[in-house]
Amino acid sequence: MRRARILLVDDNKVNRKLLAAVLEADGYRVEEAGSGREAVEGVRLLSYDLVLMDVQMPDMDGVEATAAIRSLGGRRADVPIVAISGDIGDDIAERCRAAGMNDHLGKPVNPETLQRVVAQWTRPAGEGGQARPAAPGSGSGQGETPLLGGLAAHLSGAALLPIIDEFSEGAAARVAEIERDASAGDLDRVRRIAHDLSGSAANLGLTGLSRLARSIEIASSESDVATVRRLVAAVPDLLRQVLADLARTRAAAAAGGPSRSAAAGDDIHPGGP
């Protein structure tokens with residue numbers, strides 16, 4: 001049986017790798033694009049069964065990319081496109097519909113909802129709407145390492161190692177950026193970075209860090225410089241806790257032994273305001 005082919009579009013590499021790993025564990029073929037322009041070119045060149053499209057991306061966002069794909073003409077222009085966004089207010093929802101998007105997934109992405117929506121849009125016409133069963137090795141079965149929350153909880157330890165590495169290596173740089181931009185009063189850049197950090201932290205189940213970053217995003221959107229700077233000042237200490245937890249989680253996963261990561265089901269990061 002032919003495996004459905006999915007194009008996953010997100011400028012956040014951690015989110016992309018995490019979603020791709022979950023989908024591949026469910027038996028799908030997944031290719032990645034890091035921007036809206038890459039997505040349009042990908043669909044122009046290759047045939048996909050589904051496009052999962054992040055909405056908020058720089059340069060060409062997901063709505064613009066969808067409109068460009070719909071204008072290609074032919075069968076490739078008709079590929080189902082599902083929006084992925086943490087902010088789906090009426091204005092954004094209307095833009096998505098007008099551009100030709102077929103469905104929507106909220107952030108952080110719920111694994112069961114992801115499975116159901118992807119199965120719905122990739123099954124051949126006339127087939128039932130049953131989602132695939134959870135892939136073997138997903139979750140925290142016997143002999144596996146209970147790791148993080150969110151989407152990450154549906155992967156085995158070994159599959160999570162590169163994702164933990166990607167997040168850990170990039171997080172410090174992102175926090176340094178957000179501190180510098182907050183100090184300079186560049187709230188538009190602060191908002192974009194905080195949005196990015198909040199999403200990837202939420203998908204890894206790092207709820208305290210995600211909530212704090214989301215609060216910074218909101219304060220930046222409201223041009224509340226004093227609140228932004230106060231919240232940003234709390235990020236480095238919280239990030240140090242998170243990275244230490246992730247290092248322990250990674251070590252346990254690499255060793256293959258059972259371990260309850262502090263970053264897993266427990267919200268030990270009360271740093272959110």
# chains A, B, ... in the order shown; residues from 1 in each chain; ligands from 1
>>> residues_around(residues="segment 8-17 of chain A", least_positions_apart="4", cutoff="7 Å", atoms="only C-alpha atoms", output="MDAnalysis selection string")
chainID A and resid 21 30:35 39 51:54 57 163 166:167 196 200
>>> select_by_dssp(residues="segment 23-262 of chain A", states="strand (DSSP E or B)", output="number ranges by chain")
A: 29-33, 50-54, 81-85, 103-106
>>> closest_residue(among="A:Val40, A:Ala83, A:Leu46, A:Val109", to="Met60 of chain A", atoms="only C-alpha atoms")
A:Val40
>>> residues_around(residues="segment 183-187 of chain A", least_positions_apart="5", cutoff="10 Å", atoms="only C-alpha atoms", output="list in words")
Glu177, Ile178, Arg192, Ile193, Ile216, Glu217, Ala219, Ser220, Ser221, Glu222, Ser223, Asp224, Val225, Ala226, Val228, Arg229 and Val232 of chain A
>>> write_last_selection(atoms="C-alpha atoms", output="PDB file, in the first residue's frame")
ATOM      1  CA  GLU A 177      18.366  37.697  20.886  1.00  0.00           C
ATOM      2  CA  ILE A 178      15.227  38.410  22.855  1.00  0.00           C
ATOM      3  CA  ARG A 192       8.324  37.085  16.740  1.00  0.00           C
ATOM      4  CA  ILE A 193      11.039  35.363  18.763  1.00  0.00           C
ATOM      5  CA  ILE A 216       6.163  38.155  26.416  1.00  0.00           C
ATOM      6  CA  GLU A 217       4.541  37.807  22.996  1.00  0.00           C
ATOM      7  CA  ALA A 219       3.010  42.192  26.084  1.00  0.00           C
ATOM      8  CA  SER A 220       5.048  42.934  22.944  1.00  0.00           C
ATOM      9  CA  SER A 221       1.884  43.002  20.841  1.00  0.00           C
ATOM     10  CA  GLU A 222       0.447  45.535  23.303  1.00  0.00           C
ATOM     11  CA  SER A 223       3.635  47.669  23.157  1.00  0.00           C
ATOM     12  CA  ASP A 224       4.069  47.302  26.924  1.00  0.00           C
ATOM     13  CA  VAL A 225       7.820  47.859  27.113  1.00  0.00           C
ATOM     14  CA  ALA A 226       8.057  47.745  30.924  1.00  0.00           C
ATOM     15  CA  VAL A 228       8.278  42.947  28.290  1.00  0.00           C
ATOM     16  CA  ARG A 229      11.556  43.839  29.981  1.00  0.00           C
ATOM     17  CA  VAL A 232      12.388  38.856  29.620  1.00  0.00           C
TER      18      VAL A 232
END
>>> atom_distance(atom1="atom CA of Gly36 of chain A", atom2="atom CA of Asp59 of chain A")
7.7 Å
>>> residues_around(residues="His195 of chain A", least_positions_apart="3", cutoff="8 Å", atoms="only C-alpha atoms", output="number ranges by chain")
A: 191-192, 198-199, 213-214, 217
>>> residues_around(residues="Ala201 of chain A", least_positions_apart="6", cutoff="12 Å", atoms="only C-alpha atoms", output="VMD selection string")
chain A and resid 12 14 to 15 18 107 to 109 148 to 152 163 to 164 166 to 168 170 to 171 194 to 195 207 to 214 239 242 to 243 246 263 269
>>> write_last_selection(atoms="N, CA and C atoms", output="CSV table (one decimal), in the first residue's frame")
chain,number,residue,atom,x,y,z
A,12,ASN,N,10.2,27.1,12.0
A,12,ASN,CA,10.8,26.6,13.3
A,12,ASN,C,11.3,25.2,13.1
A,14,VAL,N,12.7,23.1,15.2
A,14,VAL,CA,12.3,22.1,16.2
A,14,VAL,C,10.9,21.6,16.0
A,15,ASN,N,10.0,22.5,15.7
A,15,ASN,CA,8.6,22.1,15.4
A,15,ASN,C,8.6,21.1,14.2
A,18,LEU,N,10.0,17.7,15.1
A,18,LEU,CA,9.1,17.0,16.0
A,18,LEU,C,7.9,16.4,15.3
A,107,LYS,N,-2.0,25.2,17.8
A,107,LYS,CA,-0.8,25.0,18.5
A,107,LYS,C,-1.0,25.2,20.0
A,108,PRO,N,-0.4,24.5,20.9
A,108,PRO,CA,0.5,23.3,20.5
A,108,PRO,C,-0.4,22.2,19.9
A,109,VAL,N,0.2,21.4,19.0
A,109,VAL,CA,-0.5,20.4,18.3
A,109,VAL,C,-0.8,19.2,19.2
A,148,LEU,N,9.2,13.7,27.5
A,148,LEU,CA,8.5,15.0,27.6
A,148,LEU,C,7.0,14.9,27.3
A,149,GLY,N,6.4,16.1,27.4
A,149,GLY,CA,4.9,16.1,27.2
A,149,GLY,C,4.6,16.5,25.7
A,150,GLY,N,3.4,16.9,25.5
A,150,GLY,CA,3.0,17.3,24.2
A,150,GLY,C,3.2,16.3,23.1
A,151,LEU,N,3.5,16.7,21.9
A,151,LEU,CA,3.8,15.8,20.8
A,151,LEU,C,5.0,14.8,21.2
A,152,ALA,N,5.9,15.4,21.9
A,152,ALA,CA,7.2,14.6,22.3
A,152,ALA,C,6.9,13.3,23.0
A,163,ILE,N,15.9,16.0,18.4
A,163,ILE,CA,14.9,17.1,18.7
A,163,ILE,C,15.4,17.8,20.0
A,164,ILE,N,15.7,17.0,21.0
A,164,ILE,CA,16.2,17.7,22.2
A,164,ILE,C,17.5,18.5,21.9
A,166,GLU,N,18.4,19.8,19.0
A,166,GLU,CA,18.1,21.0,18.2
A,166,GLU,C,17.5,22.1,19.1
A,167,PHE,N,16.6,21.8,20.0
A,167,PHE,CA,16.0,22.8,20.9
A,167,PHE,C,17.1,23.3,21.8
A,168,SER,N,17.9,22.5,22.4
A,168,SER,CA,18.9,22.9,23.4
A,168,SER,C,19.9,23.8,22.8
A,170,GLY,N,19.6,25.7,20.1
A,170,GLY,CA,19.1,27.0,19.6
A,170,GLY,C,18.5,27.9,20.7
A,171,ALA,N,18.1,27.3,21.8
A,171,ALA,CA,17.4,28.1,22.8
A,171,ALA,C,18.2,29.2,23.4
A,194,ALA,N,9.5,35.4,20.7
A,194,ALA,CA,8.7,34.8,21.8
A,194,ALA,C,7.7,33.9,21.2
A,195,HIS,N,7.0,34.2,20.1
A,195,HIS,CA,6.1,33.3,19.5
A,195,HIS,C,6.7,32.0,19.1
A,207,THR,N,5.9,23.5,29.7
A,207,THR,CA,4.8,24.4,29.9
A,207,THR,C,5.1,25.8,30.5
A,208,GLY,N,6.0,25.7,31.5
A,208,GLY,CA,6.4,27.0,32.2
A,208,GLY,C,7.1,27.9,31.2
A,209,LEU,N,8.0,27.4,30.4
A,209,LEU,CA,8.8,28.2,29.4
A,209,LEU,C,7.8,28.7,28.4
A,210,SER,N,6.9,27.8,27.9
A,210,SER,CA,6.0,28.2,26.9
A,210,SER,C,5.1,29.4,27.4
A,211,ARG,N,4.6,29.3,28.6
A,211,ARG,CA,3.7,30.3,29.1
A,211,ARG,C,4.4,31.6,29.3
A,212,LEU,N,5.6,31.6,29.7
A,212,LEU,CA,6.4,32.8,29.9
A,212,LEU,C,6.6,33.5,28.5
A,213,ALA,N,7.0,32.7,27.6
A,213,ALA,CA,7.3,33.2,26.2
A,213,ALA,C,6.0,33.8,25.6
A,214,ARG,N,4.9,33.1,25.9
A,214,ARG,CA,3.6,33.6,25.4
A,214,ARG,C,3.2,34.9,26.0
A,239,LEU,N,15.3,29.2,31.7
A,239,LEU,CA,15.9,28.4,30.6
A,239,LEU,C,17.0,27.5,31.2
A,242,VAL,N,15.3,24.5,32.5
A,242,VAL,CA,14.8,23.7,31.4
A,242,VAL,C,15.9,22.9,30.7
A,243,LEU,N,17.1,23.5,30.5
A,243,LEU,CA,18.2,22.8,29.8
A,243,LEU,C,18.8,21.8,30.7
A,246,LEU,N,16.4,18.9,30.4
A,246,LEU,CA,16.5,18.2,29.1
A,246,LEU,C,17.8,17.4,29.0
A,263,ALA,N,10.8,17.2,33.2
A,263,ALA,CA,10.1,18.0,32.2
A,263,ALA,C,8.9,17.3,31.6
A,269,HIS,N,8.1,24.1,36.0
A,269,HIS,CA,8.6,25.4,35.6
A,269,HIS,C,7.6,26.4,35.9
>>> residues_around(residues="segment 63-73 of chain A", least_positions_apart="5", cutoff="8 Å", atoms="only C-alpha atoms", output="number ranges by chain")
A: 36-37, 39-40, 43-44, 55, 78, 81, 95-96, 99-101
>>> closest_residue(among="A:Asp61, A:Glu179, A:Asp188, A:Glu94", to="Val235 of chain A", atoms="only C-alpha atoms")
A:Glu179
>>> select_by_dssp(residues="segment 35-214 of chain A", states="alpha helix (DSSP H)", output="NGL selection string")
:A and (36-45 or 62-70 or 90-99 or 111-122 or 157-184 or 187-203 or 207-214)
>>> atom_distance(atom1="atom CA of Pro80 of chain A", atom2="atom CA of His154 of chain A")
24.9 Å
